[in-house]
Amino acid sequence: MNKFETELKAGNFVTSECSYCNRIVWPPSDYCDNCFKDVNWRKVSQNGTIIELSRKENDVFCIIEFEDKIRVMGKLDAEIHMAKPGQTVKLSKCMLNDKNSFFFNLEN
Ligand SMILES: [Zn+2]
């Protein structure tokens, strides 16, 4: 299990970041994909932006972007007509080893 998965299992959404290049390293990795130095790990902002939405039966699935870089898929706790791309959501819960590891609420 890598650091990202260990933290996710504990309910923390973290990203790798390179302090030499001053950039987020995503997808998460132990090494910067630019300079190959070790990364730092930190929590991701709790607020993201809806990129895409889809519905499957009564569930709304979404792709959410954080900090202009980090994209994850998850489940949105809302009716699909209440949400649209560009809207802000808040991470409500994340976990590992579940088909839907990320859960979001709409932010007003
Ligand atoms: Zn770097």
# chains A, B, ... in the order shown; residues from 1 in each chain; ligands from 1
$ select_by_dssp --residues "chain A" --states "strand (DSSP E)" --output "CSV table (one decimal) with C-alpha atoms, in the first residue's frame"
chain,number,residue,atom,x,y,z
A,14,VAL,CA,-3.9,13.5,0.4
A,15,THR,CA,-1.8,14.4,-2.6
A,16,SER,CA,1.9,14.2,-3.4
A,17,GLU,CA,3.6,17.4,-4.0
A,18,CYS,CA,7.2,18.3,-5.1
A,23,ARG,CA,3.9,21.5,-8.1
A,24,ILE,CA,1.3,18.8,-7.3
A,25,VAL,CA,2.3,15.4,-8.4
A,40,ASN,CA,5.9,15.6,0.3
A,41,TRP,CA,2.3,14.6,1.2
A,42,ARG,CA,-0.4,16.9,2.3
A,43,LYS,CA,-4.2,17.0,2.6
A,47,ASN,CA,-13.7,21.9,-2.0
A,48,GLY,CA,-13.7,20.8,-5.6
A,49,THR,CA,-15.4,21.6,-8.9
A,50,ILE,CA,-17.8,19.4,-10.8
A,51,ILE,CA,-16.3,18.4,-14.2
A,52,GLU,CA,-18.8,15.8,-15.3
A,53,LEU,CA,-22.0,14.2,-14.0
A,54,SER,CA,-23.8,11.0,-14.8
A,55,ARG,CA,-26.7,9.1,-13.4
A,56,LYS,CA,-27.0,5.4,-12.9
A,59,ASP,CA,-27.2,7.4,-8.0
A,60,VAL,CA,-25.3,10.4,-9.3
A,61,PHE,CA,-21.7,9.9,-10.2
A,62,CYS,CA,-19.3,12.7,-10.8
A,63,ILE,CA,-15.7,13.6,-11.7
A,64,ILE,CA,-14.5,16.3,-9.4
A,65,GLU,CA,-11.4,18.5,-9.8
A,66,PHE,CA,-9.4,19.9,-6.8
A,70,ILE,CA,-6.4,16.6,-9.0
A,71,ARG,CA,-9.4,14.7,-10.5
A,72,VAL,CA,-11.2,11.9,-8.8
A,73,MET,CA,-14.5,10.0,-9.5
A,74,GLY,CA,-17.1,9.7,-6.8
A,75,LYS,CA,-20.7,9.8,-5.8
A,76,LEU,CA,-22.6,13.0,-5.3
A,88,THR,CA,-18.6,23.6,-6.1
A,89,VAL,CA,-18.8,20.5,-4.0
A,90,LYS,CA,-17.4,19.5,-0.6
A,91,LEU,CA,-15.8,16.2,0.1
A,92,SER,CA,-17.9,14.5,2.7
A,93,LYS,CA,-16.2,11.1,3.1
A,94,CYS,CA,-13.5,9.1,1.4
A,102,PHE,CA,-15.2,9.4,-2.7
A,103,PHE,CA,-18.5,11.0,-1.6
A,104,PHE,CA,-19.5,14.7,-2.2
A,105,ASN,CA,-22.1,17.1,-1.1
A,106,LEU,CA,-23.1,20.3,-3.0
$ closest_atom_pairs --of "chain A" --to "ligand 1" --cutoff "6 Å" --atoms "only C-alpha atoms and all ligand atoms" --output "JSON lines"
{"residue": "A:Cys18", "atom": "CA", "partner": "ligand 1", "partner_atom_place_in_ligand_line": "1 (Zn)", "distance": 4.7}
{"residue": "A:Tyr20", "atom": "CA", "partner": "ligand 1", "partner_atom_place_in_ligand_line": "1 (Zn)", "distance": 5.1}
{"residue": "A:Cys21", "atom": "CA", "partner": "ligand 1", "partner_atom_place_in_ligand_line": "1 (Zn)", "distance": 4.2}
{"residue": "A:Cys32", "atom": "CA", "partner": "ligand 1", "partner_atom_place_in_ligand_line": "1 (Zn)", "distance": 4.6}
{"residue": "A:Asn34", "atom": "CA", "partner": "ligand 1", "partner_atom_place_in_ligand_line": "1 (Zn)", "distance": 5.0}
{"residue": "A:Cys35", "atom": "CA", "partner": "ligand 1", "partner_atom_place_in_ligand_line": "1 (Zn)", "distance": 4.1}
{"residue": "A:Lys37", "atom": "CA", "partner": "ligand 1", "partner_atom_place_in_ligand_line": "1 (Zn)", "distance": 5.9}
$ write_last_selection --atoms "all heavy atoms" --output "short mmCIF file (atom, residue, chain, number, x, y, z; two decimals), in the first residue's frame"
data_model
loop_
_atom_site.label_atom_id
_atom_site.label_comp_id
_atom_site.auth_asym_id
_atom_site.auth_seq_id
_atom_site.Cartn_x
_atom_site.Cartn_y
_atom_site.Cartn_z
N CYS A 18 5.73 18.16 -5.00
CA CYS A 18 7.18 18.32 -5.06
C CYS A 18 7.55 19.74 -4.62
O CYS A 18 7.10 20.71 -5.22
CB CYS A 18 7.70 18.06 -6.47
SG CYS A 18 9.49 18.29 -6.57
N TYR A 20 10.53 20.98 -4.67
CA TYR A 20 11.58 21.53 -5.56
C TYR A 20 10.95 22.17 -6.79
O TYR A 20 11.34 23.26 -7.22
CB TYR A 20 12.55 20.43 -5.98
CG TYR A 20 13.26 19.80 -4.81
CD1 TYR A 20 12.78 18.62 -4.25
CD2 TYR A 20 14.39 20.40 -4.27
CE1 TYR A 20 13.43 18.04 -3.16
CE2 TYR A 20 15.04 19.84 -3.18
CZ TYR A 20 14.54 18.65 -2.64
OH TYR A 20 15.18 18.09 -1.56
N CYS A 21 9.99 21.47 -7.37
CA CYS A 21 9.32 21.99 -8.57
C CYS A 21 8.12 22.86 -8.21
O CYS A 21 7.53 23.48 -9.09
CB CYS A 21 8.85 20.84 -9.45
SG CYS A 21 10.16 19.72 -9.95
N CYS A 32 8.62 12.66 -7.66
CA CYS A 32 8.19 13.67 -8.61
C CYS A 32 8.41 13.15 -10.04
O CYS A 32 9.48 12.61 -10.34
CB CYS A 32 8.99 14.95 -8.38
SG CYS A 32 8.63 16.23 -9.59
N ASN A 34 8.78 14.91 -12.55
CA ASN A 34 9.56 15.91 -13.27
C ASN A 34 11.05 15.84 -12.88
O ASN A 34 11.92 15.78 -13.74
CB ASN A 34 8.98 17.29 -12.99
CG ASN A 34 9.63 18.37 -13.84
OD1 ASN A 34 9.73 18.21 -15.06
ND2 ASN A 34 10.06 19.44 -13.21
N CYS A 35 11.33 15.85 -11.57
CA CYS A 35 12.74 15.87 -11.12
C CYS A 35 13.14 14.58 -10.40
O CYS A 35 14.31 14.42 -10.05
CB CYS A 35 12.98 17.08 -10.23
SG CYS A 35 12.21 16.93 -8.61
N LYS A 37 12.75 13.56 -7.45
CA LYS A 37 13.04 13.63 -6.02
C LYS A 37 11.84 13.12 -5.22
O LYS A 37 10.74 12.97 -5.75
CB LYS A 37 13.36 15.08 -5.63
CG LYS A 37 14.69 15.59 -6.21
CD LYS A 37 15.09 16.88 -5.52
CE LYS A 37 16.53 17.25 -5.83
NZ LYS A 37 16.68 17.95 -7.11
#
$ select_by_dssp --residues "chain A" --states "alpha helix (DSSP H)" --output "number ranges by chain"
A: 3-9
$ residues_around --residues "Asn2 in chain A" --least-positions-apart "3" --cutoff "8 Å" --atoms "only C-alpha atoms" --output "list in words"
Glu5, Thr6 and Asp30 of chain A
$ write_last_selection --atoms "C-alpha atoms" --output "mmCIF file, in the first residue's frame"
data_model
loop_
_atom_site.group_PDB
_atom_site.id
_atom_site.type_symbol
_atom_site.label_atom_id
_atom_site.label_comp_id
_atom_site.auth_asym_id
_atom_site.auth_seq_id
_atom_site.Cartn_x
_atom_site.Cartn_y
_atom_site.Cartn_z
ATOM 1 C CA GLU A 5 -3.827 4.460 -0.057
ATOM 2 C CA THR A 6 -2.761 4.339 3.600
ATOM 3 C CA ASP A 30 6.447 8.643 -4.134
#
$ atom_distance --atom1 "CA of Ser45 in chain A" --atom2 "CA of Phe13 in chain A"
8.6 Å
$ closest_residue --among "A:His81, A:Lys69, A:Lys9, A:Lys3" --to "Met95 in chain A" --atoms "only C-alpha atoms"
A:Lys9
$ closest_residue --among "A:Asn58, A:Glu7, A:Glu107, A:Ser101" --to "Gly86 in chain A" --atoms "only C-alpha atoms"
A:Glu107
$ atom_distance --atom1 "CA of Ser19 in chain A" --atom2 "CA of Glu67 in chain A"
16.0 Å
